[in-house]
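K.L.:
Before we start, here is the structure in question, set down as structure tokens.
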Amino acid sequence: MASCASEFAVKTGVDLAPNAGIYLLDPPPSLVADNWQQVLEVRHGDEQHTLLAQLSLNSETGIDLAVMTAQGMPIFQLEKAPLGPIKSEKMLPINEVDPRYILADIMLVHWPVTVLNSQLYGLNLVEQGSTRRLYQGEQLISEIRYLDGATELVNFQRDYKIKFQRVN
């Protein structure tokens, strides 16, 4: 059994490409009071993990994100108070699952494009129909496809894919 370790992230940005990424800021007012559970199927190379993510967005408490295995074992918990730093506690050492990158991917999928483009540095997000594409200059970094009942995010830069399926 791995011991619990707390991390306190002082860096508010996550690099999604060399010298480019997203600032992990508070959720836009249009999403406050949103709560959901989603099944995340994460594929990285030959590794595949099925995870359950619970997200709560609240104007008073900020962002609360908990991710666990399909069997219910906690992997990590991430909290971000309004205007505060990100705090995360990782319970299971799964290398392919980084709390800040999972939050960044959730933001890319769920936040409005206009809000995201103001939080990106060195990147631009373009939405066409049911697809979002994240570019660094002309290079495609990620693609998000909204399908019936699921959303797929493919990160070409870091070579992984996440399929989001809402539980509630």
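Labeling convention for the structure tokens: chains A, B, ... as they appear, residues from 1 per chain, ligands from 1 in order of appearance.
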Return as JSON, numbers by chain the full set of residues in chain A whose backbone-based DSSP assignment is strand (DSSP E).
P.N.:
{"A": [5, 6, 7, 8, 9, 13, 14, 15, 16, 17, 20, 21, 22, 23, 34, 35, 36, 37, 38, 39, 40, 41, 42, 43, 44, 47, 48, 49, 50, 51, 52, 53, 54, 55, 56, 57, 58, 62, 63, 64, 65, 66, 67, 68, 69, 74, 75, 76, 77, 78, 79, 80, 86, 87, 88, 89, 90, 120, 121, 124, 125, 126, 127, 128, 131, 132, 133, 134, 135, 136, 139, 140, 141, 142, 143, 144, 145, 146, 147, 150, 151, 152, 153, 154, 155, 160, 161, 162, 163, 164, 165, 166]}
K.L.:
Excluding Trp36 (chain A) and any residue of its chain fewer than 2 positions from it, enumerate the residues within 8 Å of it, using only C-alpha atoms, and give them as a list in words.
P.N.:
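Selected residues are Asp34, Gln38, Gln54, Leu55, Ser56, Arg166, Val167 and Asn168 of chain A.
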K.L.:
What's around His49 (chain A) at 12 Å? Count only C-alpha atoms, leave out sequence neighbours fewer than 2 positions away in its own chain, and write the answer as a list in words.
P.N.:
Val39, Leu40, Glu41, Val42, Arg43, His44, Gly45, Asp46, Glu47, Leu51, Leu52, Val67, Met68, Thr69, Ala70, Gln71, Ile75, Ile94, Asn95, Glu96, Val97, Tyr160, Lys161, Ile162 and Lys163 of chain A
K.L.:
For N, CA, C and O atoms, I'd like the residues from the last selection saved as a compact mmCIF listing (two decimals), in the first residue's frame.
P.N.:
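Final file, result_37.txt:
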```
# COMPACT_ATOMS: atom_id res chain seq x y z
N VAL A 39 -17.34 8.59 -16.03
CA VAL A 39 -16.40 7.50 -16.20
C VAL A 39 -15.37 7.99 -17.21
O VAL A 39 -15.71 8.50 -18.27
N LEU A 40 -14.09 7.85 -16.85
CA LEU A 40 -13.00 8.24 -17.73
C LEU A 40 -12.25 6.98 -18.14
O LEU A 40 -11.74 6.26 -17.30
N GLU A 41 -12.20 6.74 -19.43
CA GLU A 41 -11.38 5.64 -19.95
C GLU A 41 -10.11 6.28 -20.48
O GLU A 41 -10.14 7.00 -21.47
N VAL A 42 -8.99 6.04 -19.79
CA VAL A 42 -7.73 6.67 -20.13
C VAL A 42 -6.83 5.64 -20.80
O VAL A 42 -6.58 4.57 -20.25
N ARG A 43 -6.35 5.99 -22.00
CA ARG A 43 -5.39 5.12 -22.72
C ARG A 43 -4.12 5.91 -22.95
O ARG A 43 -4.15 7.02 -23.48
N HIS A 44 -3.00 5.31 -22.54
CA HIS A 44 -1.69 5.91 -22.73
C HIS A 44 -0.77 4.79 -23.17
O HIS A 44 -0.41 3.94 -22.36
N GLY A 45 -0.41 4.78 -24.45
CA GLY A 45 0.39 3.67 -24.98
C GLY A 45 -0.40 2.38 -24.85
O GLY A 45 -1.54 2.29 -25.27
N ASP A 46 0.21 1.37 -24.23
CA ASP A 46 -0.46 0.08 -24.03
C ASP A 46 -1.26 0.04 -22.73
O ASP A 46 -1.94 -0.94 -22.46
N GLU A 47 -1.16 1.07 -21.91
CA GLU A 47 -1.86 1.12 -20.62
C GLU A 47 -3.29 1.64 -20.82
O GLU A 47 -3.52 2.56 -21.59
N LEU A 51 -11.56 4.95 -14.85
CA LEU A 51 -11.61 5.75 -13.63
C LEU A 51 -13.00 6.35 -13.46
O LEU A 51 -13.72 6.54 -14.43
N LEU A 52 -13.34 6.68 -12.24
CA LEU A 52 -14.56 7.41 -11.94
C LEU A 52 -14.15 8.76 -11.39
O LEU A 52 -13.37 8.83 -10.42
N VAL A 67 -10.92 11.47 -7.99
CA VAL A 67 -10.81 10.43 -9.01
C VAL A 67 -10.48 9.12 -8.31
O VAL A 67 -9.61 9.08 -7.44
N MET A 68 -11.20 8.05 -8.68
CA MET A 68 -10.99 6.74 -8.09
C MET A 68 -10.98 5.68 -9.17
O MET A 68 -11.39 5.92 -10.30
N THR A 69 -10.52 4.50 -8.81
CA THR A 69 -10.53 3.37 -9.73
C THR A 69 -11.98 2.93 -9.93
O THR A 69 -12.87 3.31 -9.17
N ALA A 70 -12.21 2.08 -10.92
CA ALA A 70 -13.55 1.54 -11.16
C ALA A 70 -14.03 0.72 -9.97
O ALA A 70 -15.23 0.59 -9.74
N GLN A 71 -13.09 0.21 -9.17
CA GLN A 71 -13.43 -0.57 -7.99
C GLN A 71 -13.68 0.31 -6.77
O GLN A 71 -14.03 -0.18 -5.70
N ILE A 75 -7.75 7.50 -6.06
CA ILE A 75 -6.46 7.75 -6.70
C ILE A 75 -5.93 9.12 -6.26
O ILE A 75 -4.80 9.24 -5.84
N ILE A 94 -0.38 6.06 -9.76
CA ILE A 94 -0.55 5.69 -11.16
C ILE A 94 0.12 6.80 -11.97
O ILE A 94 -0.37 7.93 -12.01
N ASN A 95 1.24 6.49 -12.59
CA ASN A 95 2.05 7.50 -13.26
C ASN A 95 1.31 8.26 -14.35
O ASN A 95 1.55 9.43 -14.57
N GLU A 96 0.43 7.58 -15.08
CA GLU A 96 -0.28 8.21 -16.19
C GLU A 96 -1.39 9.15 -15.71
O GLU A 96 -2.00 9.81 -16.52
N VAL A 97 -1.67 9.19 -14.43
CA VAL A 97 -2.76 10.00 -13.90
C VAL A 97 -2.17 11.12 -13.04
O VAL A 97 -1.75 10.89 -11.91
N TYR A 160 -2.00 10.37 -25.51
CA TYR A 160 -3.01 9.69 -24.72
C TYR A 160 -4.40 10.07 -25.20
O TYR A 160 -4.57 11.04 -25.94
N LYS A 161 -5.36 9.27 -24.76
CA LYS A 161 -6.76 9.49 -25.14
C LYS A 161 -7.61 9.27 -23.90
O LYS A 161 -7.38 8.35 -23.12
N ILE A 162 -8.60 10.17 -23.71
CA ILE A 162 -9.56 10.02 -22.62
C ILE A 162 -10.96 10.05 -23.21
O ILE A 162 -11.28 10.93 -24.01
N LYS A 163 -11.76 9.09 -22.82
CA LYS A 163 -13.17 9.07 -23.20
C LYS A 163 -13.97 9.40 -21.94
O LYS A 163 -13.85 8.72 -20.93
```
K.L.:
Which residue out of A:Val113, A:Ile141, A:Leu108, A:Leu134 has the minimum interatomic distance to Asp159 (chain A) when only C-alpha atoms are used?
P.N.:
A:Ile141
K.L.:
Using only C-alpha atoms, determine which residues lie at most 8 Å from Ala104 (chain A), disregarding the query and same-chain residues fewer than 4 positions distant; provide the list as number ranges by chain.
P.N.:
A: 14, 22, 24, 100, 108
K.L.:
Please list as a list of chain:residue names every residue within 9 Å of Lys80 (chain A), counting only C-alpha atoms and excluding residues in the same chain fewer than 3 positions away.
P.N.:
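Surrounding residues, per the criterion: A:Leu25, A:Asp26, A:Thr61, A:Gly62, A:Ile63, A:Asp64, A:Leu65, A:Leu83, A:Gly84, A:Pro85, A:Ile86, A:Lys87, A:Ser88.
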K.L.:
With N, CA, C and O atoms kept, could you save the residues just selected as a PDB file, in the first residue's frame?
P.N.:
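Contents of part_4.pdb, freshly written:
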```pdb
ATOM      1  N   LEU A  25      -7.391  28.174 -13.548  1.00  0.00           N
ATOM      2  CA  LEU A  25      -8.060  29.244 -12.818  1.00  0.00           C
ATOM      3  C   LEU A  25      -9.446  28.791 -12.362  1.00  0.00           C
ATOM      4  O   LEU A  25      -9.890  27.690 -12.667  1.00  0.00           O
ATOM      5  N   ASP A  26     -10.129  29.663 -11.655  1.00  0.00           N
ATOM      6  CA  ASP A  26     -11.472  29.362 -11.165  1.00  0.00           C
ATOM      7  C   ASP A  26     -12.430  29.128 -12.327  1.00  0.00           C
ATOM      8  O   ASP A  26     -12.243  29.669 -13.416  1.00  0.00           O
ATOM      9  N   THR A  61     -16.743  27.154  -2.322  1.00  0.00           N
ATOM     10  CA  THR A  61     -15.648  26.209  -2.078  1.00  0.00           C
ATOM     11  C   THR A  61     -14.713  26.068  -3.268  1.00  0.00           C
ATOM     12  O   THR A  61     -13.615  25.548  -3.126  1.00  0.00           O
ATOM     13  N   GLY A  62     -15.131  26.476  -4.463  1.00  0.00           N
ATOM     14  CA  GLY A  62     -14.282  26.394  -5.645  1.00  0.00           C
ATOM     15  C   GLY A  62     -14.425  25.062  -6.363  1.00  0.00           C
ATOM     16  O   GLY A  62     -15.527  24.562  -6.551  1.00  0.00           O
ATOM     17  N   ILE A  63     -13.292  24.473  -6.718  1.00  0.00           N
ATOM     18  CA  ILE A  63     -13.247  23.219  -7.474  1.00  0.00           C
ATOM     19  C   ILE A  63     -12.879  22.086  -6.537  1.00  0.00           C
ATOM     20  O   ILE A  63     -11.881  22.167  -5.823  1.00  0.00           O
ATOM     21  N   ASP A  64     -13.676  21.037  -6.542  1.00  0.00           N
ATOM     22  CA  ASP A  64     -13.359  19.802  -5.827  1.00  0.00           C
ATOM     23  C   ASP A  64     -13.437  18.673  -6.845  1.00  0.00           C
ATOM     24  O   ASP A  64     -14.483  18.472  -7.470  1.00  0.00           O
ATOM     25  N   LEU A  65     -12.339  17.961  -7.003  1.00  0.00           N
ATOM     26  CA  LEU A  65     -12.268  16.855  -7.957  1.00  0.00           C
ATOM     27  C   LEU A  65     -11.706  15.639  -7.249  1.00  0.00           C
ATOM     28  O   LEU A  65     -10.646  15.710  -6.627  1.00  0.00           O
ATOM     29  N   LEU A  83      -9.803  31.774  -6.040  1.00  0.00           N
ATOM     30  CA  LEU A  83      -8.590  32.601  -6.032  1.00  0.00           C
ATOM     31  C   LEU A  83      -7.441  31.974  -5.240  1.00  0.00           C
ATOM     32  O   LEU A  83      -6.432  32.632  -4.985  1.00  0.00           O
ATOM     33  N   GLY A  84      -7.569  30.705  -4.865  1.00  0.00           N
ATOM     34  CA  GLY A  84      -6.537  30.040  -4.081  1.00  0.00           C
ATOM     35  C   GLY A  84      -5.687  29.093  -4.909  1.00  0.00           C
ATOM     36  O   GLY A  84      -5.949  28.861  -6.087  1.00  0.00           O
ATOM     37  N   PRO A  85      -4.651  28.530  -4.266  1.00  0.00           N
ATOM     38  CA  PRO A  85      -3.782  27.569  -4.956  1.00  0.00           C
ATOM     39  C   PRO A  85      -4.462  26.209  -5.086  1.00  0.00           C
ATOM     40  O   PRO A  85      -5.454  25.920  -4.414  1.00  0.00           O
ATOM     41  N   ILE A  86      -3.908  25.391  -5.930  1.00  0.00           N
ATOM     42  CA  ILE A  86      -4.396  24.021  -6.104  1.00  0.00           C
ATOM     43  C   ILE A  86      -3.728  23.150  -5.060  1.00  0.00           C
ATOM     44  O   ILE A  86      -2.507  23.200  -4.875  1.00  0.00           O
ATOM     45  N   LYS A  87      -4.520  22.349  -4.379  1.00  0.00           N
ATOM     46  CA  LYS A  87      -4.011  21.382  -3.409  1.00  0.00           C
ATOM     47  C   LYS A  87      -4.459  20.013  -3.884  1.00  0.00           C
ATOM     48  O   LYS A  87      -5.621  19.816  -4.211  1.00  0.00           O
ATOM     49  N   SER A  88      -3.535  19.078  -3.917  1.00  0.00           N
ATOM     50  CA  SER A  88      -3.916  17.729  -4.324  1.00  0.00           C
ATOM     51  C   SER A  88      -3.254  16.701  -3.419  1.00  0.00           C
ATOM     52  O   SER A  88      -2.161  16.921  -2.898  1.00  0.00           O
TER      53      SER A  88
END
```
K.L.:
For Gln37 (chain A), which residue among A:Ala66, A:Lys90, A:Val109, A:Ile144 is the nearest when counting only C-alpha atoms?
P.N.:
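Distance minimum relative to Gln37 (chain A) lands on A:Ala66.
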